[in-house]
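Below is one structure, written out as structure tokens; the observations come after it.
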Amino acid sequence: MENETDPSMFASHGEFLKPEISNTVQIRPKILYFGTPVVLIATADGRGNVDLAPMSSAWALGNTVVLGLSVLGKTLENLKATGECMLNFPDQTLWKNVEKLAPLTGKNPVPFQKMGTFRYESDKFSAASLHPVPSEVVKPPRVKECEIQMECNVRNIYKMSEQDGQLAAIVEVNVIAVYANKKVILDDTHVNVKEWKPLIYSFRHYFTLGDELGKSFRSET
Ligand SMILES: Cc1cc2nc3c(=O)[nH]c(=O)nc-3n(C[C@H](O)[C@H](O)[C@H](O)COP(=O)(O)O)c2cc1C
């Protein structure tokens, strides 16, 4: 019989497919990083010492960006101390620079949970062959090589529920200024999405965007 093994022929509204005949199985992935852009977050401590860390648990709504950060990092310590950051968005060409930052922390001594995997580095810019450029309002610098940069003030820091001994914080930041390389803009209110190729982190692998599929009815470009 045609389609004898296709479970979709048995599915109707509200009916569950039997797991043993479906192509979908329950899995227990070690991580849930389903593919979000990489951000290089620059922060400074109270004495002006700069830290730069890769992160990807970030999303935007209006002028707010929400960041998910481990309590073990120097980044969160700096955000609590000074309330400022610069979000730098690397494009696809910078994945190796980002990966150079991956095993580094600005925390000295290295927290015991990170010992053996991470090492302390005071000059993350040099370690990753990246160059700091002064910001306009906040102390932390921009990353010259990143084509999109956002100056931010911390608005709120929330404690995330503890899971498997992992402690993290949700940091809400207010974007006060956005900078972009002329190459990736159409005008001062629109990014040129055909030119902007963000670096995407998917289950600990680096990618960029493929060809455009279409656009939202709200798109102005
Ligand atoms: C691509 C990438 C994405 C990451 N995303 C996050 C993240 O969203 N939140 C986080 O706390 N750590 C994230 N990390 C791990 C931090 O970069 C790492 O813990 C680093 O040591 C933090 O540096 P710091 O201690 O100087 O802040 C990510 C690492 C990489 C390489």
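Identifiers for the structure tokens are assigned positionally: chains receive A, B, ... in sequence, residues are indexed from 1 per chain, and ligands are indexed from 1 in the order shown.
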Quick one: residues within 12 Å of Val178 of chain A, only C-alpha atoms, excluding same-chain residues fewer than 4 positions away - as a list in words? Asn63, Met86, Leu87, Asn88, Phe89, Ser135, Glu136, Val137, Arg142, Glu147, Ile148, Gln149, Met150, Glu151, Cys152, Asn174, Ile185, Asp188, Thr189, His190 and Val191 of chain A
Within 7 Å of ligand 1, counting only C-alpha atoms and all ligand atoms, which protein or nucleic acid residues do you find, written as a PyMOL selection string? chain A and resi 38+51-58+67-70+72-76+98-99+101-107+118+201+204
Just the selected residues (C-alpha atoms), exported as a JSON list (two decimals), in the first residue's frame, please.
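result-v2.json, written as the output of this step:
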[["chain", "number", "residue", "atom", "x", "y", "z"],
["A", 38, "VAL", "CA", 27.58, 35.84, 18.59],
["A", 51, "ASP", "CA", 37.32, 42.67, 29.49],
["A", 52, "LEU", "CA", 36.03, 41.19, 26.24],
["A", 53, "ALA", "CA", 34.00, 37.97, 26.15],
["A", 54, "PRO", "CA", 32.07, 36.03, 23.53],
["A", 55, "MET", "CA", 28.42, 35.34, 24.28],
["A", 56, "SER", "CA", 25.39, 34.21, 22.29],
["A", 57, "SER", "CA", 22.47, 34.12, 24.74],
["A", 58, "ALA", "CA", 21.20, 37.53, 23.65],
["A", 67, "LEU", "CA", 21.72, 38.92, 27.98],
["A", 68, "GLY", "CA", 22.12, 35.57, 29.70],
["A", 69, "LEU", "CA", 25.41, 35.47, 31.60],
["A", 70, "SER", "CA", 27.10, 33.02, 33.93],
["A", 72, "LEU", "CA", 31.32, 32.84, 37.11],
["A", 73, "GLY", "CA", 32.43, 35.39, 34.50],
["A", 74, "LYS", "CA", 34.27, 38.69, 34.81],
["A", 75, "THR", "CA", 31.68, 40.18, 32.44],
["A", 76, "LEU", "CA", 28.81, 39.93, 34.93],
["A", 98, "VAL", "CA", 36.06, 34.66, 18.56],
["A", 99, "GLU", "CA", 37.30, 31.14, 19.13],
["A", 101, "LEU", "CA", 38.64, 34.21, 23.18],
["A", 102, "ALA", "CA", 36.66, 31.05, 23.95],
["A", 103, "PRO", "CA", 39.06, 29.48, 26.53],
["A", 104, "LEU", "CA", 39.82, 32.79, 28.27],
["A", 105, "THR", "CA", 38.41, 34.54, 31.33],
["A", 106, "GLY", "CA", 39.10, 37.93, 32.82],
["A", 107, "LYS", "CA", 38.69, 36.44, 36.31],
["A", 118, "PHE", "CA", 39.79, 28.22, 30.96],
["A", 201, "TYR", "CA", 26.59, 29.98, 17.14],
["A", 204, "ARG", "CA", 28.82, 25.06, 19.61]]
Compile the contact shell of Cys146 of chain A as an MDAnalysis selection string: residues with an atom at most 12 Å away, counting only C-alpha atoms, same-chain residues fewer than 4 positions apart removed. chainID A and resid 38:42 86:95 97:98 130:133 141:142 150 179:181 183:184 196:199
Could the residues in this selection be written to a file with N, CA and C atoms, as a tab-separated table (two decimals), in the first residue's frame?
chain	number	residue	atom	x	y	z
A	38	VAL	N	26.51	35.63	17.61
A	38	VAL	CA	27.58	35.84	18.59
A	38	VAL	C	27.69	37.33	18.88
A	39	VAL	N	27.89	37.66	20.15
A	39	VAL	CA	28.14	39.04	20.57
A	39	VAL	C	29.48	39.05	21.30
A	40	LEU	N	30.32	40.03	20.99
A	40	LEU	CA	31.52	40.22	21.81
A	40	LEU	C	31.20	41.36	22.76
A	41	ILE	N	31.08	41.02	24.03
A	41	ILE	CA	30.67	42.03	25.01
A	41	ILE	C	31.91	42.59	25.71
A	42	ALA	N	32.09	43.91	25.55
A	42	ALA	CA	33.20	44.60	26.21
A	42	ALA	C	32.67	45.27	27.47
A	86	MET	N	29.60	47.49	25.92
A	86	MET	CA	29.55	47.72	24.48
A	86	MET	C	29.32	46.34	23.85
A	87	LEU	N	28.22	46.22	23.11
A	87	LEU	CA	27.93	44.97	22.42
A	87	LEU	C	28.47	45.08	21.00
A	88	ASN	N	29.40	44.19	20.67
A	88	ASN	CA	30.03	44.21	19.35
A	88	ASN	C	29.61	42.95	18.61
A	89	PHE	N	29.14	43.12	17.37
A	89	PHE	CA	28.61	41.98	16.63
A	89	PHE	C	29.60	41.55	15.54
A	90	PRO	N	30.28	40.41	15.74
A	90	PRO	CA	31.25	39.96	14.74
A	90	PRO	C	30.53	39.36	13.53
A	91	ASP	N	31.12	39.49	12.35
A	91	ASP	CA	30.54	38.85	11.18
A	91	ASP	C	31.23	37.51	10.95
A	92	GLN	N	30.86	36.87	9.85
A	92	GLN	CA	31.35	35.51	9.60
A	92	GLN	C	32.88	35.42	9.51
A	93	THR	N	33.55	36.52	9.11
A	93	THR	CA	35.01	36.45	8.90
A	93	THR	C	35.77	36.37	10.23
A	94	LEU	N	35.09	36.60	11.34
A	94	LEU	CA	35.79	36.73	12.63
A	94	LEU	C	35.68	35.50	13.53
A	95	TRP	N	35.21	34.36	12.99
A	95	TRP	CA	34.96	33.23	13.90
A	95	TRP	C	36.23	32.74	14.58
A	97	ASN	N	38.84	34.56	15.44
A	97	ASN	CA	39.16	35.52	16.53
A	97	ASN	C	38.28	35.23	17.74
A	98	VAL	N	37.00	34.97	17.47
A	98	VAL	CA	36.06	34.66	18.56
A	98	VAL	C	36.52	33.40	19.28
A	130	LEU	N	42.30	41.49	17.98
A	130	LEU	CA	41.25	42.49	17.75
A	130	LEU	C	41.72	43.83	18.29
A	131	HIS	N	41.10	44.93	17.83
A	131	HIS	CA	41.58	46.26	18.20
A	131	HIS	C	40.50	47.10	18.88
A	132	PRO	N	40.82	47.66	20.08
A	132	PRO	CA	39.83	48.52	20.74
A	132	PRO	C	39.78	49.91	20.13
A	133	VAL	N	38.58	50.45	20.03
A	133	VAL	CA	38.38	51.83	19.56
A	133	VAL	C	37.54	52.53	20.64
A	141	PRO	N	35.43	49.83	25.37
A	141	PRO	CA	35.66	50.22	23.96
A	141	PRO	C	34.87	49.39	22.97
A	142	ARG	N	34.84	49.87	21.74
A	142	ARG	CA	34.26	49.09	20.64
A	142	ARG	C	35.33	48.15	20.10
A	150	MET	N	26.96	48.35	19.70
A	150	MET	CA	25.90	49.04	20.45
A	150	MET	C	26.40	49.43	21.83
A	179	TYR	N	26.26	51.89	16.24
A	179	TYR	CA	27.25	52.27	15.22
A	179	TYR	C	27.33	51.16	14.18
A	180	ALA	N	27.51	51.52	12.92
A	180	ALA	CA	27.61	50.49	11.89
A	180	ALA	C	28.58	50.95	10.80
A	181	ASN	N	29.31	50.01	10.28
A	181	ASN	CA	30.19	50.28	9.15
A	181	ASN	C	29.31	50.64	7.94
A	183	LYS	N	29.55	49.96	5.05
A	183	LYS	CA	29.37	48.82	4.14
A	183	LYS	C	28.07	48.07	4.39
A	184	VAL	N	27.58	48.08	5.65
A	184	VAL	CA	26.44	47.21	5.98
A	184	VAL	C	25.15	48.00	6.26
A	196	TRP	N	25.11	42.34	5.55
A	196	TRP	CA	25.41	41.99	6.94
A	196	TRP	C	25.33	40.47	7.14
A	197	LYS	N	26.47	39.87	7.44
A	197	LYS	CA	26.55	38.41	7.59
A	197	LYS	C	26.95	38.07	9.02
A	198	PRO	N	26.00	38.07	9.95
A	198	PRO	CA	26.34	37.83	11.36
A	198	PRO	C	26.92	36.44	11.58
A	199	LEU	N	27.73	36.35	12.61
A	199	LEU	CA	28.28	35.05	13.01
A	199	LEU	C	27.25	34.38	13.92
For Lys80 of chain A: contacts at 12 Å, only C-alpha atoms, fewer than 6 positions along chain excluded, given as a ChimeraX atom specification: /A:43-46,69,71,73-74,153-158,169-173
With C-alpha atoms kept, could you save the residues just selected as a PDB file, in the first residue's frame?
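Result file is out_5.pdb:
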ATOM      1  CA  THR A  43      33.001  45.677  29.856  1.00  0.00           C
ATOM      2  CA  ALA A  44      35.312  47.483  32.277  1.00  0.00           C
ATOM      3  CA  ASP A  45      35.877  47.203  36.011  1.00  0.00           C
ATOM      4  CA  GLY A  46      35.852  50.178  38.387  1.00  0.00           C
ATOM      5  CA  LEU A  69      25.408  35.472  31.603  1.00  0.00           C
ATOM      6  CA  VAL A  71      27.803  34.274  37.441  1.00  0.00           C
ATOM      7  CA  GLY A  73      32.433  35.385  34.505  1.00  0.00           C
ATOM      8  CA  LYS A  74      34.267  38.693  34.809  1.00  0.00           C
ATOM      9  CA  ASN A 153      23.568  50.919  30.034  1.00  0.00           C
ATOM     10  CA  VAL A 154      22.433  48.198  32.423  1.00  0.00           C
ATOM     11  CA  ARG A 155      18.795  48.631  33.430  1.00  0.00           C
ATOM     12  CA  ASN A 156      18.209  45.498  35.521  1.00  0.00           C
ATOM     13  CA  ILE A 157      19.968  42.325  36.580  1.00  0.00           C
ATOM     14  CA  TYR A 158      17.815  39.343  37.569  1.00  0.00           C
ATOM     15  CA  ALA A 169      21.890  36.064  35.539  1.00  0.00           C
ATOM     16  CA  ILE A 170      19.562  37.767  33.085  1.00  0.00           C
ATOM     17  CA  VAL A 171      20.853  41.228  32.303  1.00  0.00           C
ATOM     18  CA  GLU A 172      18.552  43.814  30.705  1.00  0.00           C
ATOM     19  CA  VAL A 173      20.451  46.588  28.935  1.00  0.00           C
TER      20      VAL A 173
END
Those in chain A with helix (DSSP H, G or I) from DSSP, as a ChimeraX atom specification: /A:7-10,19-21,74-82,92-101,112-114,124-127,182-184
Write the residues of the selection above to a file with N, CA and C atoms, as a short mmCIF file (atom, residue, chain, number, x, y, z; two decimals), in the first residue's frame.
data_model
loop_
_atom_site.label_atom_id
_atom_site.label_comp_id
_atom_site.auth_asym_id
_atom_site.auth_seq_id
_atom_site.Cartn_x
_atom_site.Cartn_y
_atom_site.Cartn_z
N PRO A 7 3.85 7.97 8.88
CA PRO A 7 2.95 8.17 10.01
C PRO A 7 2.02 9.36 9.83
N SER A 8 2.40 10.30 8.92
CA SER A 8 1.59 11.51 8.79
C SER A 8 0.17 11.18 8.32
N MET A 9 0.01 10.02 7.63
CA MET A 9 -1.33 9.67 7.14
C MET A 9 -2.28 9.34 8.29
N PHE A 10 -1.71 9.05 9.46
CA PHE A 10 -2.57 8.71 10.60
C PHE A 10 -2.84 9.91 11.48
N PRO A 19 5.26 7.41 19.09
CA PRO A 19 6.69 7.65 18.99
C PRO A 19 7.43 6.62 18.16
N GLU A 20 7.00 5.34 18.22
CA GLU A 20 7.78 4.30 17.53
C GLU A 20 7.63 4.36 16.01
N ILE A 21 6.61 5.07 15.50
CA ILE A 21 6.50 5.16 14.04
C ILE A 21 6.77 6.58 13.54
N LYS A 74 33.87 37.31 34.50
CA LYS A 74 34.27 38.69 34.81
C LYS A 74 33.24 39.67 34.24
N THR A 75 32.63 39.29 33.11
CA THR A 75 31.68 40.18 32.44
C THR A 75 30.54 40.59 33.38
N LEU A 76 29.93 39.60 34.03
CA LEU A 76 28.81 39.93 34.93
C LEU A 76 29.31 40.77 36.11
N GLU A 77 30.48 40.43 36.62
CA GLU A 77 31.06 41.22 37.73
C GLU A 77 31.21 42.68 37.32
N ASN A 78 31.75 42.89 36.10
CA ASN A 78 31.95 44.26 35.61
C ASN A 78 30.62 44.99 35.38
N LEU A 79 29.64 44.27 34.85
CA LEU A 79 28.33 44.89 34.60
C LEU A 79 27.69 45.34 35.90
N LYS A 80 27.85 44.52 36.95
CA LYS A 80 27.31 44.89 38.26
C LYS A 80 28.06 46.11 38.82
N ALA A 81 29.37 46.17 38.58
CA ALA A 81 30.19 47.23 39.16
C ALA A 81 30.01 48.57 38.44
N THR A 82 29.88 48.55 37.13
CA THR A 82 29.91 49.82 36.39
C THR A 82 28.63 50.11 35.59
N GLN A 92 30.86 36.87 9.85
CA GLN A 92 31.35 35.51 9.60
C GLN A 92 32.88 35.42 9.51
N THR A 93 33.55 36.52 9.11
CA THR A 93 35.01 36.45 8.90
C THR A 93 35.77 36.37 10.23
N LEU A 94 35.09 36.60 11.34
CA LEU A 94 35.79 36.73 12.63
C LEU A 94 35.68 35.50 13.53
N TRP A 95 35.21 34.36 12.99
CA TRP A 95 34.96 33.23 13.90
C TRP A 95 36.23 32.74 14.58
N LYS A 96 37.37 32.81 13.87
CA LYS A 96 38.62 32.33 14.50
C LYS A 96 39.07 33.26 15.62
N ASN A 97 38.84 34.56 15.44
CA ASN A 97 39.16 35.52 16.53
C ASN A 97 38.28 35.23 17.74
N VAL A 98 37.00 34.97 17.47
CA VAL A 98 36.06 34.66 18.56
C VAL A 98 36.52 33.40 19.28
N GLU A 99 36.91 32.41 18.51
CA GLU A 99 37.30 31.14 19.13
C GLU A 99 38.59 31.28 19.94
N LYS A 100 39.45 32.26 19.58
CA LYS A 100 40.65 32.52 20.40
C LYS A 100 40.25 33.01 21.79
N LEU A 101 39.10 33.70 21.88
CA LEU A 101 38.64 34.21 23.18
C LEU A 101 37.96 33.11 24.00
N PHE A 112 37.12 27.95 40.38
CA PHE A 112 37.50 26.52 40.39
C PHE A 112 36.65 25.71 39.39
N GLN A 113 35.40 26.13 39.15
CA GLN A 113 34.54 25.40 38.19
C GLN A 113 35.09 25.49 36.77
N LYS A 114 35.93 26.50 36.49
CA LYS A 114 36.46 26.69 35.13
C LYS A 114 37.92 26.25 35.01
N LYS A 124 42.50 40.64 26.44
CA LYS A 124 41.76 39.77 25.53
C LYS A 124 41.82 40.29 24.08
N PHE A 125 41.88 41.61 23.91
CA PHE A 125 41.95 42.17 22.55
C PHE A 125 43.17 41.63 21.82
N SER A 126 44.34 41.74 22.46
CA SER A 126 45.56 41.24 21.81
C SER A 126 45.49 39.74 21.62
N ALA A 127 44.97 39.04 22.62
CA ALA A 127 44.90 37.57 22.53
C ALA A 127 44.09 37.13 21.32
N LYS A 182 29.74 51.64 7.20
CA LYS A 182 28.93 52.09 6.04
C LYS A 182 28.64 50.96 5.06
N LYS A 183 29.55 49.96 5.05
CA LYS A 183 29.37 48.82 4.14
C LYS A 183 28.07 48.07 4.39
N VAL A 184 27.58 48.08 5.65
CA VAL A 184 26.44 47.21 5.98
C VAL A 184 25.15 48.00 6.26
#
Nearest candidate to Ala60 of chain A (options A:Pro37, A:Gly48, A:Gly116, A:Pro140; using only C-alpha atoms):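 Selected residue with least distance to Ala60 of chain A: A:Pro37.
Proximity of A:Tyr33, A:Asn23, A:Arg28, A:Asn108 to Tyr206 of chain A, computed with only C-alpha atoms, is greatest for A:Tyr33.
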As number ranges by chain, which residues of segment 12-200 of chain A does DSSP assign to strand (DSSP E or B)? A: 34-37, 39-44, 50-55, 58-61, 64-70, 84-89, 91, 104-105, 115, 118-120, 132-133, 142-143, 148-159, 163, 166, 168-180, 185-187, 190-191, 198, 200
Pairwise distance for atom CA of Glu212 of chain A and atom CA of Leu61 of chain A, rounded to one decimal in Å: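 So the two atoms, atom CA of Glu212 of chain A and atom CA of Leu61 of chain A, lie 22.1 Å apart.
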Atom CA of Ile176 of chain A to atom CA of Lys144 of chain A measures 18.6 Å
Would you please work out which residue, of A:Thr24, A:Ser122, A:Thr36, A:Asn49, is nearest to Leu209 of chain A when using only C-alpha atoms?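 Distance minimum relative to Leu209 of chain A lands on A:Thr36.
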Env of Gly214 of chain A: 12 Å cut, atoms = only C-alpha atoms, seq-sep filter 5 positions within chain, self excluded. Answer as a list in words. Val193, Lys194, Ser219 and Thr221 of chain A
Any chance you could export the current selection's C-alpha atoms as a PDB file, in the first residue's frame?
ATOM      1  CA  VAL A 193      20.682  42.753   5.250  1.00  0.00           C
ATOM      2  CA  LYS A 194      22.237  41.623   1.969  1.00  0.00           C
ATOM      3  CA  SER A 219      10.111  45.298   6.290  1.00  0.00           C
ATOM      4  CA  THR A 221      13.722  47.683   2.690  1.00  0.00           C
TER       5      THR A 221
END
Please, what distance in Å, to one decimal, runs between atom CA of Thr117 of chain A and atom CA of Ile200 of chain A?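 Computing it gives 22.7 Å between the two atoms.
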